[in-house]
Amino acid sequence: MRNVQDMKLREGVEWAVHCCINLSWISPDRAVPAARLAAFHDLPTAYLNKQMNALGRVGIVASRSGPRGGFRLGRGPERITLMDVAAAIDGSAQAFLCTGIRHNGPAGTVTGPAGPRTTCTVAQAFSTAELAWRRQLADRTIAELADTVRRANPAVPDQVRRWFDET
C-alpha cells in the first residue's frame with residue numbers, strides 16, 4: 001500500500017525543471033556537467049546527477065562523457081512539458097490507489113440500486129482531479145516557464161549563461 005508521501009512530487013522534480021530551464025538558455029552545443037548544474041542551486045551533485053540521468057533515459061536531456069561532458073537538452077524546450085519531467089523523475093503511476101475498502105466490513109453489504117459493481121465514487125473523484133492535474137502539467141512547457149522568468153527579469157538568461165561560462 002502506498003503512503004501519503006508517495007502522493008506528492010519529490011524535490012527532484014523541482015530540481016530537474018530548474019535545470020531544464022537553465023539548459024534552455026545555454027547553447028545546445030554546450031554540455032554542462034552535473035556538478036556545475038548542482039553548484040548553481042547549491043544542490044548535492046550525486047543526487048542531482050541521478051535526476052539528470054532519469055531525464056536522459058527518456059530523452060529530455062542528452063549526456064556527453066569526457067572532459068567537455070555533461071548535459072544539454074535532448075529536444076527543444078517547447079517540446080518538454082512539466083508532465084514529461086515529473087513522469088521521468090517520479091514515474092507515471094497513479095497518485096491515488098483505490099483499495100476497494102467500500103466492499104469490506106459492514107459497508108460491503110450496503111448496496112444501492114446499481115449494486116456493488118459500480119465505480120467507486122471516491123476513486124472517480126480522485127481520478128478526475130489527477131487527470132486535470134496531469135493535463136495542466138502536460139500543457140506547460142519548459143520554454144513557457146523560461147519565457148515567464150525572462151519577462152519577469154530580462155537579465156536572468158544572460159546572467160545564467162555568464163555563470164555557466166565561468167568554467
# chains A, B, ... in the order shown; residues from 1 in each chain; ligands from 1
$ residues_around --residues "Phe71 of chain A" --least-positions-apart "6" --cutoff "12 Å" --atoms "only C-alpha atoms" --output "PyMOL selection string"
chain A and resi 16+19-20+22-24+26-38+48-49+51-56+59-65
$ write_last_selection --atoms "N, CA, C and O atoms" --output "CSV table (one decimal), in the first residue's frame"
chain,number,residue,atom,x,y,z
A,16,ALA,N,15.0,19.2,-11.4
A,16,ALA,CA,15.1,18.9,-12.8
A,16,ALA,C,14.4,20.0,-13.7
A,16,ALA,O,15.0,20.4,-14.7
A,19,CYS,N,16.8,22.9,-13.8
A,19,CYS,CA,18.0,22.6,-14.6
A,19,CYS,C,17.6,22.7,-16.1
A,19,CYS,O,18.4,23.2,-16.9
A,20,CYS,N,16.4,22.2,-16.4
A,20,CYS,CA,16.0,22.3,-17.8
A,20,CYS,C,15.8,23.7,-18.3
A,20,CYS,O,16.2,24.1,-19.4
A,22,ASN,N,17.5,26.3,-17.1
A,22,ASN,CA,18.8,26.8,-17.2
A,22,ASN,C,19.5,26.3,-18.5
A,22,ASN,O,20.1,27.1,-19.3
A,23,LEU,N,19.3,25.0,-18.8
A,23,LEU,CA,19.9,24.5,-20.0
A,23,LEU,C,19.2,25.1,-21.3
A,23,LEU,O,19.9,25.2,-22.3
A,24,SER,N,18.0,25.5,-21.2
A,24,SER,CA,17.3,26.1,-22.3
A,24,SER,C,17.9,27.5,-22.7
A,24,SER,O,17.8,27.9,-23.8
A,26,ILE,N,21.2,28.0,-22.5
A,26,ILE,CA,22.6,27.7,-22.9
A,26,ILE,C,22.6,27.1,-24.3
A,26,ILE,O,21.7,26.4,-24.7
A,27,SER,N,23.7,27.4,-25.0
A,27,SER,CA,23.8,26.9,-26.4
A,27,SER,C,23.6,25.4,-26.4
A,27,SER,O,24.1,24.7,-25.6
A,28,PRO,N,22.8,24.9,-27.4
A,28,PRO,CA,22.5,23.5,-27.4
A,28,PRO,C,23.8,22.7,-27.7
A,28,PRO,O,23.8,21.5,-27.5
A,29,ASP,N,24.8,23.3,-28.2
A,29,ASP,CA,26.1,22.6,-28.5
A,29,ASP,C,26.9,22.4,-27.2
A,29,ASP,O,27.9,21.6,-27.2
A,30,ARG,N,26.6,23.1,-26.1
A,30,ARG,CA,27.4,23.0,-24.9
A,30,ARG,C,26.7,22.1,-23.9
A,30,ARG,O,25.6,22.2,-23.6
A,31,ALA,N,27.6,21.2,-23.4
A,31,ALA,CA,27.1,20.3,-22.3
A,31,ALA,C,27.6,20.8,-21.0
A,31,ALA,O,28.7,21.3,-20.9
A,32,VAL,N,26.7,20.8,-20.0
A,32,VAL,CA,27.0,21.3,-18.7
A,32,VAL,C,27.2,20.2,-17.7
A,32,VAL,O,26.2,19.4,-17.5
A,33,PRO,N,28.3,20.1,-17.0
A,33,PRO,CA,28.5,19.0,-16.0
A,33,PRO,C,27.4,19.1,-14.9
A,33,PRO,O,27.0,20.1,-14.5
A,34,ALA,N,27.1,17.9,-14.4
A,34,ALA,CA,26.1,17.8,-13.3
A,34,ALA,C,26.6,18.6,-12.1
A,34,ALA,O,25.8,19.3,-11.4
A,35,ALA,N,27.9,18.6,-11.8
A,35,ALA,CA,28.5,19.3,-10.7
A,35,ALA,C,28.2,20.8,-10.9
A,35,ALA,O,27.9,21.5,-9.9
A,36,ARG,N,28.3,21.3,-12.1
A,36,ARG,CA,28.1,22.8,-12.3
A,36,ARG,C,26.6,23.1,-12.2
A,36,ARG,O,26.3,24.1,-11.6
A,37,LEU,N,25.7,22.2,-12.7
A,37,LEU,CA,24.3,22.4,-12.5
A,37,LEU,C,23.9,22.4,-11.0
A,37,LEU,O,23.1,23.2,-10.6
A,38,ALA,N,24.5,21.5,-10.3
A,38,ALA,CA,24.2,21.4,-8.9
A,38,ALA,C,24.7,22.6,-8.1
A,38,ALA,O,24.1,23.2,-7.2
A,48,LEU,N,21.6,15.2,-7.7
A,48,LEU,CA,21.1,15.8,-9.0
A,48,LEU,C,21.5,15.0,-10.2
A,48,LEU,O,20.7,14.9,-11.2
A,49,ASN,N,22.7,14.4,-10.2
A,49,ASN,CA,23.1,13.6,-11.3
A,49,ASN,C,22.1,12.4,-11.5
A,49,ASN,O,21.8,12.1,-12.7
A,51,GLN,N,18.9,12.6,-11.0
A,51,GLN,CA,17.7,13.2,-11.6
A,51,GLN,C,18.0,13.5,-13.1
A,51,GLN,O,17.2,13.2,-14.0
A,52,MET,N,19.2,13.9,-13.4
A,52,MET,CA,19.6,14.2,-14.8
A,52,MET,C,19.7,13.0,-15.6
A,52,MET,O,19.2,12.9,-16.7
A,53,ASN,N,20.2,11.9,-15.0
A,53,ASN,CA,20.2,10.6,-15.7
A,53,ASN,C,18.8,10.1,-16.0
A,53,ASN,O,18.5,9.5,-17.0
A,54,ALA,N,17.9,10.3,-15.0
A,54,ALA,CA,16.5,9.9,-15.3
A,54,ALA,C,15.9,10.7,-16.4
A,54,ALA,O,15.2,10.1,-17.3
A,55,LEU,N,16.2,12.0,-16.5
A,55,LEU,CA,15.8,12.8,-17.7
A,55,LEU,C,16.4,12.3,-19.0
A,55,LEU,O,15.8,12.2,-20.0
A,56,GLY,N,17.6,11.8,-18.9
A,56,GLY,CA,18.3,11.3,-20.0
A,56,GLY,C,17.7,10.0,-20.6
A,56,GLY,O,17.7,9.8,-21.8
A,59,GLY,N,15.0,11.0,-22.9
A,59,GLY,CA,15.4,11.9,-24.0
A,59,GLY,C,15.1,13.4,-23.7
A,59,GLY,O,15.3,14.2,-24.6
A,60,ILE,N,14.8,13.7,-22.5
A,60,ILE,CA,14.6,15.1,-22.1
A,60,ILE,C,16.0,15.8,-22.2
A,60,ILE,O,16.1,17.0,-22.6
A,61,VAL,N,17.0,15.2,-21.7
A,61,VAL,CA,18.4,15.7,-21.8
A,61,VAL,C,19.2,14.6,-22.5
A,61,VAL,O,18.8,13.5,-22.6
A,62,ALA,N,20.3,15.1,-23.1
A,62,ALA,CA,21.3,14.2,-23.6
A,62,ALA,C,22.6,14.4,-22.9
A,62,ALA,O,22.8,15.5,-22.4
A,63,SER,N,23.3,13.4,-22.7
A,63,SER,CA,24.6,13.5,-22.0
A,63,SER,C,25.8,13.2,-22.9
A,63,SER,O,25.6,12.4,-23.9
A,64,ARG,N,26.9,13.8,-22.5
A,64,ARG,CA,28.1,13.5,-23.2
A,64,ARG,C,29.2,13.3,-22.2
A,64,ARG,O,29.2,14.0,-21.2
A,65,SER,N,30.0,12.3,-22.3
A,65,SER,CA,31.0,12.0,-21.4
A,65,SER,C,32.3,12.6,-21.8
A,65,SER,O,32.5,13.1,-22.9
$ residues_around --residues "segment 126-143 of chain A" --least-positions-apart "3" --cutoff "8 Å" --atoms "only C-alpha atoms" --output "list in words"
Val17, Cys20, Ile21, Ser24, Pro77, Glu78, Arg79, Ile80, Thr81, Leu82, Met83, Asp84, Gln94, Ala95, Phe96, Val122, Ala123, Ala146 and Asp147 of chain A
$ write_last_selection --atoms "N, CA and C atoms" --output "compact mmCIF listing (two decimals), in the first residue's frame"
# COMPACT_ATOMS: atom_id res chain seq x y z
N VAL A 17 13.31 20.55 -13.24
CA VAL A 17 12.68 21.62 -14.02
C VAL A 17 13.59 22.84 -14.05
N CYS A 20 16.41 22.20 -16.44
CA CYS A 20 15.96 22.28 -17.83
C CYS A 20 15.80 23.73 -18.27
N ILE A 21 15.27 24.57 -17.40
CA ILE A 21 15.14 25.99 -17.74
C ILE A 21 16.53 26.58 -17.97
N SER A 24 17.98 25.53 -21.16
CA SER A 24 17.31 26.13 -22.32
C SER A 24 17.95 27.45 -22.72
N PRO A 77 13.08 23.10 -25.84
CA PRO A 77 12.33 23.34 -24.61
C PRO A 77 10.82 23.48 -24.83
N GLU A 78 10.42 23.81 -26.05
CA GLU A 78 8.99 23.90 -26.37
C GLU A 78 8.37 22.51 -26.51
N ARG A 79 9.21 21.47 -26.55
CA ARG A 79 8.73 20.10 -26.66
C ARG A 79 8.92 19.30 -25.38
N ILE A 80 9.26 20.00 -24.29
CA ILE A 80 9.43 19.34 -22.99
C ILE A 80 8.37 19.90 -22.06
N THR A 81 7.44 19.05 -21.64
CA THR A 81 6.38 19.52 -20.74
C THR A 81 6.76 19.24 -19.29
N LEU A 82 6.07 19.92 -18.40
CA LEU A 82 6.28 19.67 -16.98
C LEU A 82 5.87 18.24 -16.62
N MET A 83 4.88 17.71 -17.33
CA MET A 83 4.47 16.32 -17.09
C MET A 83 5.58 15.37 -17.53
N ASP A 84 6.26 15.68 -18.63
CA ASP A 84 7.40 14.85 -19.07
C ASP A 84 8.43 14.76 -17.96
N GLN A 94 -0.40 6.16 -10.95
CA GLN A 94 -1.48 6.98 -10.42
C GLN A 94 -1.16 7.38 -8.98
N ALA A 95 -1.51 8.60 -8.63
CA ALA A 95 -1.26 9.08 -7.27
C ALA A 95 -2.21 8.43 -6.27
N PHE A 96 -3.46 8.20 -6.67
CA PHE A 96 -4.45 7.63 -5.77
C PHE A 96 -4.65 6.17 -6.13
N VAL A 122 -15.31 7.69 -4.69
CA VAL A 122 -14.08 8.30 -4.18
C VAL A 122 -12.97 8.16 -5.22
N ALA A 123 -12.79 6.97 -5.77
CA ALA A 123 -11.76 6.75 -6.79
C ALA A 123 -12.01 7.61 -8.02
N ALA A 146 10.56 29.29 -19.00
CA ALA A 146 11.75 30.10 -19.24
C ALA A 146 11.36 31.50 -19.72
N ASP A 147 10.35 31.57 -20.58
CA ASP A 147 9.89 32.86 -21.08
C ASP A 147 9.25 33.68 -19.97
$ atom_distance --atom1 "atom CA of Glu166 of chain A" --atom2 "atom CA of Leu43 of chain A"
18.2 Å
$ select_by_dssp --residues "chain A" --states "strand (DSSP E or B)" --output "number ranges by chain"
A: 32, 61-64, 70-73, 81, 141
$ atom_distance --atom1 "atom CA of Glu144 of chain A" --atom2 "atom CA of Ala125 of chain A"
29.6 Å
$ atom_distance --atom1 "atom CA of Glu11 of chain A" --atom2 "atom CA of Ile89 of chain A"
9.5 Å
$ closest_residue --among "A:Arg72, A:Gly105, A:Cys98, A:Trp25" --to "Ala155 of chain A" --atoms "only C-alpha atoms"
A:Trp25
$ select_by_dssp --residues "segment 49-114 of chain A" --states "alpha helix (DSSP H)" --output "PyMOL selection string"
chain A and resi 49-57+82-90
$ write_last_selection --atoms "N, CA, C and O atoms" --output "tab-separated table (two decimals), in the first residue's frame"
chain	number	residue	atom	x	y	z
A	49	ASN	N	22.67	14.41	-10.17
A	49	ASN	CA	23.10	13.58	-11.29
A	49	ASN	C	22.11	12.43	-11.54
A	49	ASN	O	21.82	12.10	-12.69
A	50	LYS	N	21.56	11.86	-10.48
A	50	LYS	CA	20.54	10.81	-10.63
A	50	LYS	C	19.30	11.36	-11.35
A	50	LYS	O	18.72	10.69	-12.20
A	51	GLN	N	18.91	12.58	-10.98
A	51	GLN	CA	17.74	13.19	-11.62
A	51	GLN	C	18.03	13.45	-13.10
A	51	GLN	O	17.19	13.20	-13.97
A	52	MET	N	19.22	13.94	-13.38
A	52	MET	CA	19.59	14.23	-14.76
A	52	MET	C	19.66	12.95	-15.59
A	52	MET	O	19.24	12.92	-16.75
A	53	ASN	N	20.17	11.89	-14.99
A	53	ASN	CA	20.21	10.60	-15.70
A	53	ASN	C	18.80	10.08	-15.97
A	53	ASN	O	18.54	9.49	-17.02
A	54	ALA	N	17.88	10.31	-15.03
A	54	ALA	CA	16.48	9.91	-15.26
A	54	ALA	C	15.90	10.70	-16.43
A	54	ALA	O	15.18	10.14	-17.27
A	55	LEU	N	16.22	11.99	-16.53
A	55	LEU	CA	15.78	12.79	-17.67
A	55	LEU	C	16.41	12.27	-18.96
A	55	LEU	O	15.77	12.25	-20.02
A	56	GLY	N	17.65	11.83	-18.87
A	56	GLY	CA	18.35	11.30	-20.04
A	56	GLY	C	17.74	10.01	-20.56
A	56	GLY	O	17.68	9.78	-21.77
A	57	ARG	N	17.25	9.17	-19.66
A	57	ARG	CA	16.66	7.89	-20.07
A	57	ARG	C	15.43	8.08	-20.96
A	57	ARG	O	15.09	7.20	-21.75
A	82	LEU	N	6.07	19.92	-18.40
A	82	LEU	CA	6.28	19.67	-16.98
A	82	LEU	C	5.87	18.24	-16.62
A	82	LEU	O	6.48	17.61	-15.76
A	83	MET	N	4.88	17.71	-17.33
A	83	MET	CA	4.47	16.32	-17.09
A	83	MET	C	5.58	15.37	-17.53
A	83	MET	O	5.82	14.35	-16.87
A	84	ASP	N	6.26	15.68	-18.63
A	84	ASP	CA	7.40	14.85	-19.07
A	84	ASP	C	8.43	14.76	-17.96
A	84	ASP	O	8.93	13.67	-17.65
A	85	VAL	N	8.77	15.91	-17.38
A	85	VAL	CA	9.79	15.94	-16.33
A	85	VAL	C	9.29	15.21	-15.08
A	85	VAL	O	10.02	14.38	-14.52
A	86	ALA	N	8.07	15.49	-14.66
A	86	ALA	CA	7.52	14.84	-13.47
A	86	ALA	C	7.49	13.32	-13.63
A	86	ALA	O	7.87	12.58	-12.72
A	87	ALA	N	7.07	12.86	-14.80
A	87	ALA	CA	7.00	11.41	-15.04
A	87	ALA	C	8.39	10.79	-15.08
A	87	ALA	O	8.59	9.68	-14.59
A	88	ALA	N	9.36	11.50	-15.64
A	88	ALA	CA	10.72	10.98	-15.71
A	88	ALA	C	11.32	10.81	-14.31
A	88	ALA	O	12.02	9.83	-14.05
A	89	ILE	N	11.02	11.75	-13.43
A	89	ILE	CA	11.61	11.71	-12.09
A	89	ILE	C	10.78	10.85	-11.13
A	89	ILE	O	11.32	10.04	-10.39
A	90	ASP	N	9.49	11.04	-11.13
A	90	ASP	CA	8.63	10.35	-10.14
A	90	ASP	C	7.86	9.16	-10.71
A	90	ASP	O	7.15	8.50	-9.96
